[in-house]
>>> print(open('start_31.cif').read())   # mmCIF, C-alpha atoms
data_final
#
loop_
_atom_site.label_atom_id
_atom_site.label_comp_id
_atom_site.auth_asym_id
_atom_site.auth_seq_id
_atom_site.Cartn_x
_atom_site.Cartn_y
_atom_site.Cartn_z
CA MET A 1 -268.11 -16.11 71.71
CA GLY A 2 -267.35 -17.80 68.39
CA PHE A 3 -267.14 -16.61 64.83
CA GLU A 4 -269.40 -17.18 61.87
CA LEU A 5 -268.30 -17.23 58.21
CA ARG A 6 -271.17 -16.52 55.82
CA GLU A 7 -272.21 -14.58 52.76
CA LEU A 8 -272.33 -10.81 53.05
CA SER A 9 -275.79 -9.52 53.92
CA ALA A 10 -277.46 -6.11 53.56
CA ALA A 11 -277.45 -5.69 57.35
CA ASP A 12 -273.70 -6.19 57.78
CA GLY A 13 -271.66 -3.36 59.26
CA CYS A 14 -268.93 -2.64 56.75
CA ASN A 15 -267.51 0.60 58.18
CA ALA A 16 -265.58 -0.55 61.24
CA LEU A 17 -262.95 -2.77 59.60
CA SER A 18 -259.50 -1.58 60.70
CA LEU A 19 -256.62 -2.72 58.50
CA GLY A 20 -253.74 -0.74 60.00
CA ASP A 21 -251.38 -0.06 57.11
CA PRO A 22 -252.73 2.65 54.73
CA VAL A 23 -251.64 0.51 51.75
CA PHE A 24 -254.67 -1.68 52.52
CA SER A 25 -257.20 1.19 52.66
CA PRO A 26 -258.62 0.26 49.20
CA LEU A 27 -259.74 -3.04 50.77
CA LYS A 28 -261.73 -1.17 53.41
CA SER A 29 -263.13 1.20 50.79
CA PHE A 30 -264.23 -1.72 48.60
CA LEU A 31 -266.10 -3.34 51.48
CA ARG A 32 -267.76 -0.08 52.45
CA LYS A 33 -268.67 1.19 48.97
CA GLU A 34 -268.87 -1.70 46.49
CA ALA A 35 -269.11 -5.17 48.01
CA LYS A 36 -272.86 -5.21 48.74
CA LYS A 37 -273.84 -3.95 45.29
CA LEU A 38 -271.56 -6.41 43.47
CA HIS A 39 -272.87 -9.21 45.68
CA GLN A 40 -276.51 -8.30 44.97
CA GLU A 41 -275.83 -8.04 41.24
CA HIS A 42 -274.10 -11.47 41.19
CA LEU A 43 -270.91 -9.91 39.85
CA ALA A 44 -268.83 -10.99 42.84
CA ARG A 45 -269.38 -13.07 45.98
CA THR A 46 -268.21 -11.78 49.34
CA TYR A 47 -267.99 -13.94 52.45
CA VAL A 48 -267.61 -12.25 55.81
CA LEU A 49 -266.32 -13.26 59.21
CA VAL A 50 -268.37 -11.86 62.09
CA ARG A 51 -268.74 -12.73 65.75
CA GLN A 52 -271.72 -15.01 66.21
CA GLY A 53 -274.91 -12.97 66.55
CA GLU A 54 -273.21 -9.75 65.39
CA THR A 55 -272.98 -7.92 62.07
CA LYS A 56 -269.63 -6.08 62.35
CA VAL A 57 -267.38 -7.45 59.61
CA LEU A 58 -264.00 -8.55 61.00
CA ALA A 59 -262.63 -10.14 57.82
CA TYR A 60 -263.83 -10.81 54.31
CA ILE A 61 -262.96 -12.52 51.07
CA THR A 62 -264.42 -11.74 47.63
CA THR A 63 -264.33 -13.93 44.53
CA LEU A 64 -265.49 -13.69 40.93
CA CYS A 65 -265.19 -15.62 37.69
CA THR A 66 -262.27 -14.89 35.41
CA HIS A 67 -259.95 -16.58 32.94
CA MET A 68 -256.24 -16.98 32.39
CA ALA A 69 -254.56 -16.98 29.00
CA VAL A 70 -252.94 -20.29 28.08
CA GLU A 71 -249.85 -18.37 26.91
CA GLN A 72 -249.25 -17.16 30.48
CA PHE A 73 -248.30 -20.68 31.50
CA ASP A 74 -245.20 -21.13 29.33
CA LYS A 75 -242.92 -21.53 32.34
CA HIS A 76 -245.34 -23.74 34.28
CA ASP A 77 -246.20 -27.34 33.49
CA VAL A 78 -249.98 -26.95 33.29
CA VAL A 79 -250.84 -26.43 29.61
CA LEU A 80 -252.87 -29.33 28.23
CA ASP A 81 -252.01 -30.82 24.87
CA GLY A 82 -255.01 -30.44 22.65
CA PHE A 83 -256.68 -27.76 24.79
CA ARG A 84 -258.19 -25.70 21.99
CA TYR A 85 -259.19 -22.57 23.83
CA LYS A 86 -257.02 -19.50 24.40
CA ASP A 87 -258.08 -19.13 28.02
CA TYR A 88 -258.39 -21.39 31.04
CA PRO A 89 -261.47 -20.97 33.26
CA ALA A 90 -260.57 -19.65 36.71
CA ILE A 91 -261.88 -18.05 39.88
CA LYS A 92 -260.30 -14.80 41.00
CA LEU A 93 -259.68 -14.12 44.64
CA ALA A 94 -260.48 -10.43 44.19
CA ARG A 95 -260.20 -9.16 47.78
CA LEU A 96 -259.06 -10.50 51.15
CA ALA A 97 -258.86 -8.45 54.34
CA VAL A 98 -258.57 -9.20 58.05
CA ASP A 99 -259.10 -6.67 60.83
CA SER A 100 -255.88 -5.60 62.56
CA SER A 101 -257.12 -7.03 65.85
CA LEU A 102 -257.17 -10.52 64.30
CA LYS A 103 -253.95 -10.43 62.26
CA ARG A 104 -251.44 -13.25 62.62
CA GLN A 105 -254.07 -15.69 63.87
CA GLY A 106 -254.41 -17.70 60.65
CA ILE A 107 -257.73 -16.18 59.63
CA GLY A 108 -256.55 -15.07 56.18
CA SER A 109 -255.18 -18.54 55.57
CA GLN A 110 -258.47 -20.12 56.67
CA LEU A 111 -260.41 -17.82 54.33
CA VAL A 112 -258.26 -18.94 51.39
CA ASP A 113 -258.77 -22.59 52.42
CA PHE A 114 -262.53 -21.97 52.59
CA ILE A 115 -262.57 -20.62 49.03
CA ILE A 116 -260.45 -23.49 47.73
CA GLY A 117 -262.86 -25.93 49.39
CA LEU A 118 -265.86 -24.08 47.98
CA ILE A 119 -264.44 -24.22 44.46
CA THR A 120 -263.28 -27.84 44.55
CA GLU A 121 -266.49 -29.12 46.18
CA HIS A 122 -269.17 -26.93 44.58
CA VAL A 123 -267.83 -25.34 41.39
CA MET A 124 -265.49 -27.87 39.78
CA PRO A 125 -267.96 -30.78 39.91
CA HIS A 126 -270.45 -28.73 37.88
CA THR A 127 -268.46 -26.53 35.50
CA GLY A 128 -264.97 -26.03 34.17
CA CYS A 129 -262.60 -24.28 36.53
CA ARG A 130 -258.87 -24.98 36.67
CA PHE A 131 -257.20 -22.16 38.63
CA LEU A 132 -257.56 -19.84 41.59
CA VAL A 133 -255.91 -16.52 40.72
CA VAL A 134 -254.98 -13.47 42.78
CA ASP A 135 -253.38 -10.12 41.99
CA SER A 136 -251.26 -9.73 45.11
CA LYS A 137 -250.00 -6.47 46.53
CA PRO A 138 -246.22 -6.66 47.17
CA GLU A 139 -246.90 -6.80 50.92
CA SER A 140 -248.96 -9.98 50.50
CA VAL A 141 -246.83 -12.01 48.06
CA ASN A 142 -245.18 -14.03 50.86
CA PHE A 143 -248.60 -14.86 52.35
CA TYR A 144 -249.90 -16.22 49.03
CA SER A 145 -246.62 -18.04 48.33
CA ALA A 146 -246.93 -19.80 51.69
CA LYS A 147 -250.45 -20.89 50.66
CA GLY A 148 -249.03 -22.51 47.49
CA PHE A 149 -249.71 -19.77 44.95
CA LEU A 150 -247.10 -19.47 42.18
CA PRO A 151 -246.18 -16.14 40.54
CA ILE A 152 -247.03 -15.77 36.88
CA GLY A 153 -246.47 -12.09 36.15
CA ILE A 154 -246.32 -8.53 37.42
CA SER A 155 -248.80 -5.80 36.52
CA ASN A 156 -248.27 -2.07 36.92
CA GLU A 157 -251.91 -1.07 36.41
CA GLY A 158 -253.39 1.56 38.69
CA ASP A 159 -251.55 3.05 41.64
CA SER A 160 -249.28 0.13 42.48
CA ALA A 161 -247.71 -2.97 41.07
CA THR A 162 -249.30 -6.35 41.75
CA THR A 163 -248.01 -9.86 41.25
CA THR A 164 -250.44 -12.20 39.54
CA MET A 165 -250.31 -15.58 41.27
CA PHE A 166 -252.22 -18.83 40.87
CA ILE A 167 -252.95 -22.25 42.30
CA ASP A 168 -253.65 -25.17 39.97
CA LEU A 169 -256.85 -26.60 41.47
CA LYS A 170 -256.40 -29.88 39.59
CA ARG A 171 -253.25 -30.46 41.65
CA VAL A 172 -255.09 -29.52 44.84
CA LEU A 173 -257.72 -32.17 44.08
CA ALA A 174 -255.05 -34.76 43.24
CA ALA A 175 -253.30 -34.12 46.56
CA VAL A 176 -256.56 -34.59 48.49
CA ASN A 177 -257.69 -37.74 46.66
#
>>> encode(input="start_31.cif", output="structure tokens")
Amino acid sequence: MGFELRELSAADGCNALSLGDPVFSPLKSFLRKEAKKLHQEHLARTYVLVRQGETKVLAYITTLCTHMAVEQFDKHDVVLDGFRYKDYPAIKLARLAVDSSLKRQGIGSQLVDFIIGLITEHVMPHTGCRFLVVDSKPESVNFYSAKGFLPIGISNEGDSATTTMFIDLKRVLAAVN
């Protein structure tokens, strides 16, 4: 039986996702309590991995529109001369979770690749978007680094510190073309 990656639907079972480490319990809580409403209200987009013909969510990824301040890029060679705005348009990878039973099988990596493909093929040709951004938990920094994300800062908001990381989508497109 294969898998299907698609947009979250009202019928999806969002309660059975098992993430193992308690540090990731906010990801399960988000899926259970907030994802469907944000999806319906067009405030975020969630894509789910399910077994074909089933509705139990085994993994998911959520994105939304955001921006990044030009001043954040002082140490990175991405600021454009003559760019007159204070912020770069970006997409935020807001949530990513994979069920414990599927960990270490490349699913998280494939979900990130899916989002990069979605942005470069369907967003960037129609509107400005330069970066993919994530606020990574310390436990996930190595994962995002391996995917090509670069650190840009650390935030201590909320219960734990996160590392803000980004990918320059212009460079992704240049590498593909």
>>> atom_distance(input="start_31.cif", atom1="CA of Leu58 in chain A", atom2="CA of Glu34 in chain A")
16.8 Å
>>> resolve_selection(input="start_31.cif", expression="the PyMOL selection byres ((chain A and resi 153) around 6)", output="ChimeraX atom specification")
/A:151-152,154,163-164
>>> resolve_selection(input="start_31.cif", expression="the PyMOL selection byres ((chain A and resi 19) around 8)", output="PDB file with C-alpha atoms, keeping the file's coordinate frame")
ATOM      1  CA  LEU A  17    -262.950  -2.770  59.600  1.00  0.00           C
ATOM      2  CA  SER A  18    -259.500  -1.580  60.700  1.00  0.00           C
ATOM      3  CA  GLY A  20    -253.740  -0.740  60.000  1.00  0.00           C
ATOM      4  CA  ASP A  21    -251.380  -0.060  57.110  1.00  0.00           C
ATOM      5  CA  PRO A  22    -252.730   2.650  54.730  1.00  0.00           C
ATOM      6  CA  PHE A  24    -254.670  -1.680  52.520  1.00  0.00           C
ATOM      7  CA  SER A  25    -257.200   1.190  52.660  1.00  0.00           C
ATOM      8  CA  LYS A  28    -261.730  -1.170  53.410  1.00  0.00           C
ATOM      9  CA  ALA A  97    -258.860  -8.450  54.340  1.00  0.00           C
ATOM     10  CA  VAL A  98    -258.570  -9.200  58.050  1.00  0.00           C
ATOM     11  CA  ASP A  99    -259.100  -6.670  60.830  1.00  0.00           C
ATOM     12  CA  SER A 100    -255.880  -5.600  62.560  1.00  0.00           C
TER      13      SER A 100
END
>>> resolve_selection(input="start_31.cif", expression="the PyMOL selection byres ((chain A and resi 133) around 12)", output="mmCIF file with C-alpha atoms, in the coordinates of the input")
data_model
loop_
_atom_site.group_PDB
_atom_site.id
_atom_site.type_symbol
_atom_site.label_atom_id
_atom_site.label_comp_id
_atom_site.auth_asym_id
_atom_site.auth_seq_id
_atom_site.Cartn_x
_atom_site.Cartn_y
_atom_site.Cartn_z
ATOM 1 C CA THR A 62 -264.420 -11.740 47.630
ATOM 2 C CA THR A 63 -264.330 -13.930 44.530
ATOM 3 C CA LEU A 64 -265.490 -13.690 40.930
ATOM 4 C CA CYS A 65 -265.190 -15.620 37.690
ATOM 5 C CA THR A 66 -262.270 -14.890 35.410
ATOM 6 C CA HIS A 67 -259.950 -16.580 32.940
ATOM 7 C CA MET A 68 -256.240 -16.980 32.390
ATOM 8 C CA ALA A 69 -254.560 -16.980 29.000
ATOM 9 C CA TYR A 88 -258.390 -21.390 31.040
ATOM 10 C CA PRO A 89 -261.470 -20.970 33.260
ATOM 11 C CA ALA A 90 -260.570 -19.650 36.710
ATOM 12 C CA ILE A 91 -261.880 -18.050 39.880
ATOM 13 C CA LYS A 92 -260.300 -14.800 41.000
ATOM 14 C CA LEU A 93 -259.680 -14.120 44.640
ATOM 15 C CA ALA A 94 -260.480 -10.430 44.190
ATOM 16 C CA ARG A 95 -260.200 -9.160 47.780
ATOM 17 C CA VAL A 112 -258.260 -18.940 51.390
ATOM 18 C CA ILE A 115 -262.570 -20.620 49.030
ATOM 19 C CA ILE A 116 -260.450 -23.490 47.730
ATOM 20 C CA CYS A 129 -262.600 -24.280 36.530
ATOM 21 C CA ARG A 130 -258.870 -24.980 36.670
ATOM 22 C CA PHE A 131 -257.200 -22.160 38.630
ATOM 23 C CA LEU A 132 -257.560 -19.840 41.590
ATOM 24 C CA VAL A 134 -254.980 -13.470 42.780
ATOM 25 C CA ASP A 135 -253.380 -10.120 41.990
ATOM 26 C CA SER A 136 -251.260 -9.730 45.110
ATOM 27 C CA TYR A 144 -249.900 -16.220 49.030
ATOM 28 C CA GLY A 148 -249.030 -22.510 47.490
ATOM 29 C CA PHE A 149 -249.710 -19.770 44.950
ATOM 30 C CA LEU A 150 -247.100 -19.470 42.180
ATOM 31 C CA PRO A 151 -246.180 -16.140 40.540
ATOM 32 C CA ILE A 152 -247.030 -15.770 36.880
ATOM 33 C CA GLY A 153 -246.470 -12.090 36.150
ATOM 34 C CA THR A 163 -248.010 -9.860 41.250
ATOM 35 C CA THR A 164 -250.440 -12.200 39.540
ATOM 36 C CA MET A 165 -250.310 -15.580 41.270
ATOM 37 C CA PHE A 166 -252.220 -18.830 40.870
ATOM 38 C CA ILE A 167 -252.950 -22.250 42.300
ATOM 39 C CA ASP A 168 -253.650 -25.170 39.970
ATOM 40 C CA LEU A 169 -256.850 -26.600 41.470
#
>>> atom_distance(input="start_31.cif", atom1="CA of Ser101 in chain A", atom2="CA of Arg51 in chain A")
12.9 Å
>>> closest_residue(input="start_31.cif", among="A:Lys33, A:His42, A:Ser109, A:Glu54", to="Ser145 in chain A", atoms="all atoms listed in the file")
A:Ser109
>>> atom_distance(input="start_31.cif", atom1="CA of Gly128 in chain A", atom2="CA of Ala175 in chain A")
18.8 Å
>>> closest_residue(input="start_31.cif", among="A:Phe143, A:Cys14, A:Lys86, A:Leu173", to="Ile119 in chain A", atoms="all atoms listed in the file")
A:Leu173
>>> residues_around(input="start_31.cif", residues="Ala11 in chain A", least_positions_apart="2", cutoff="8 Å", atoms="all atoms listed in the file", output="list in words")
Ser9, Gly13 and Thr55 of chain A
>>> closest_residue(input="start_31.cif", among="A:Val50, A:Ala10, A:Val70, A:Leu96", to="Pro26 in chain A", atoms="all atoms listed in the file")
A:Leu96
>>> closest_residue(input="start_31.cif", among="A:Met124, A:Ala59, A:Asp12, A:His39", to="Gln105 in chain A", atoms="all atoms listed in the file")
A:Ala59
>>> closest_residue(input="start_31.cif", among="A:Ala146, A:Ala161, A:Val48, A:Val172", to="Lys36 in chain A", atoms="all atoms listed in the file")
A:Val48
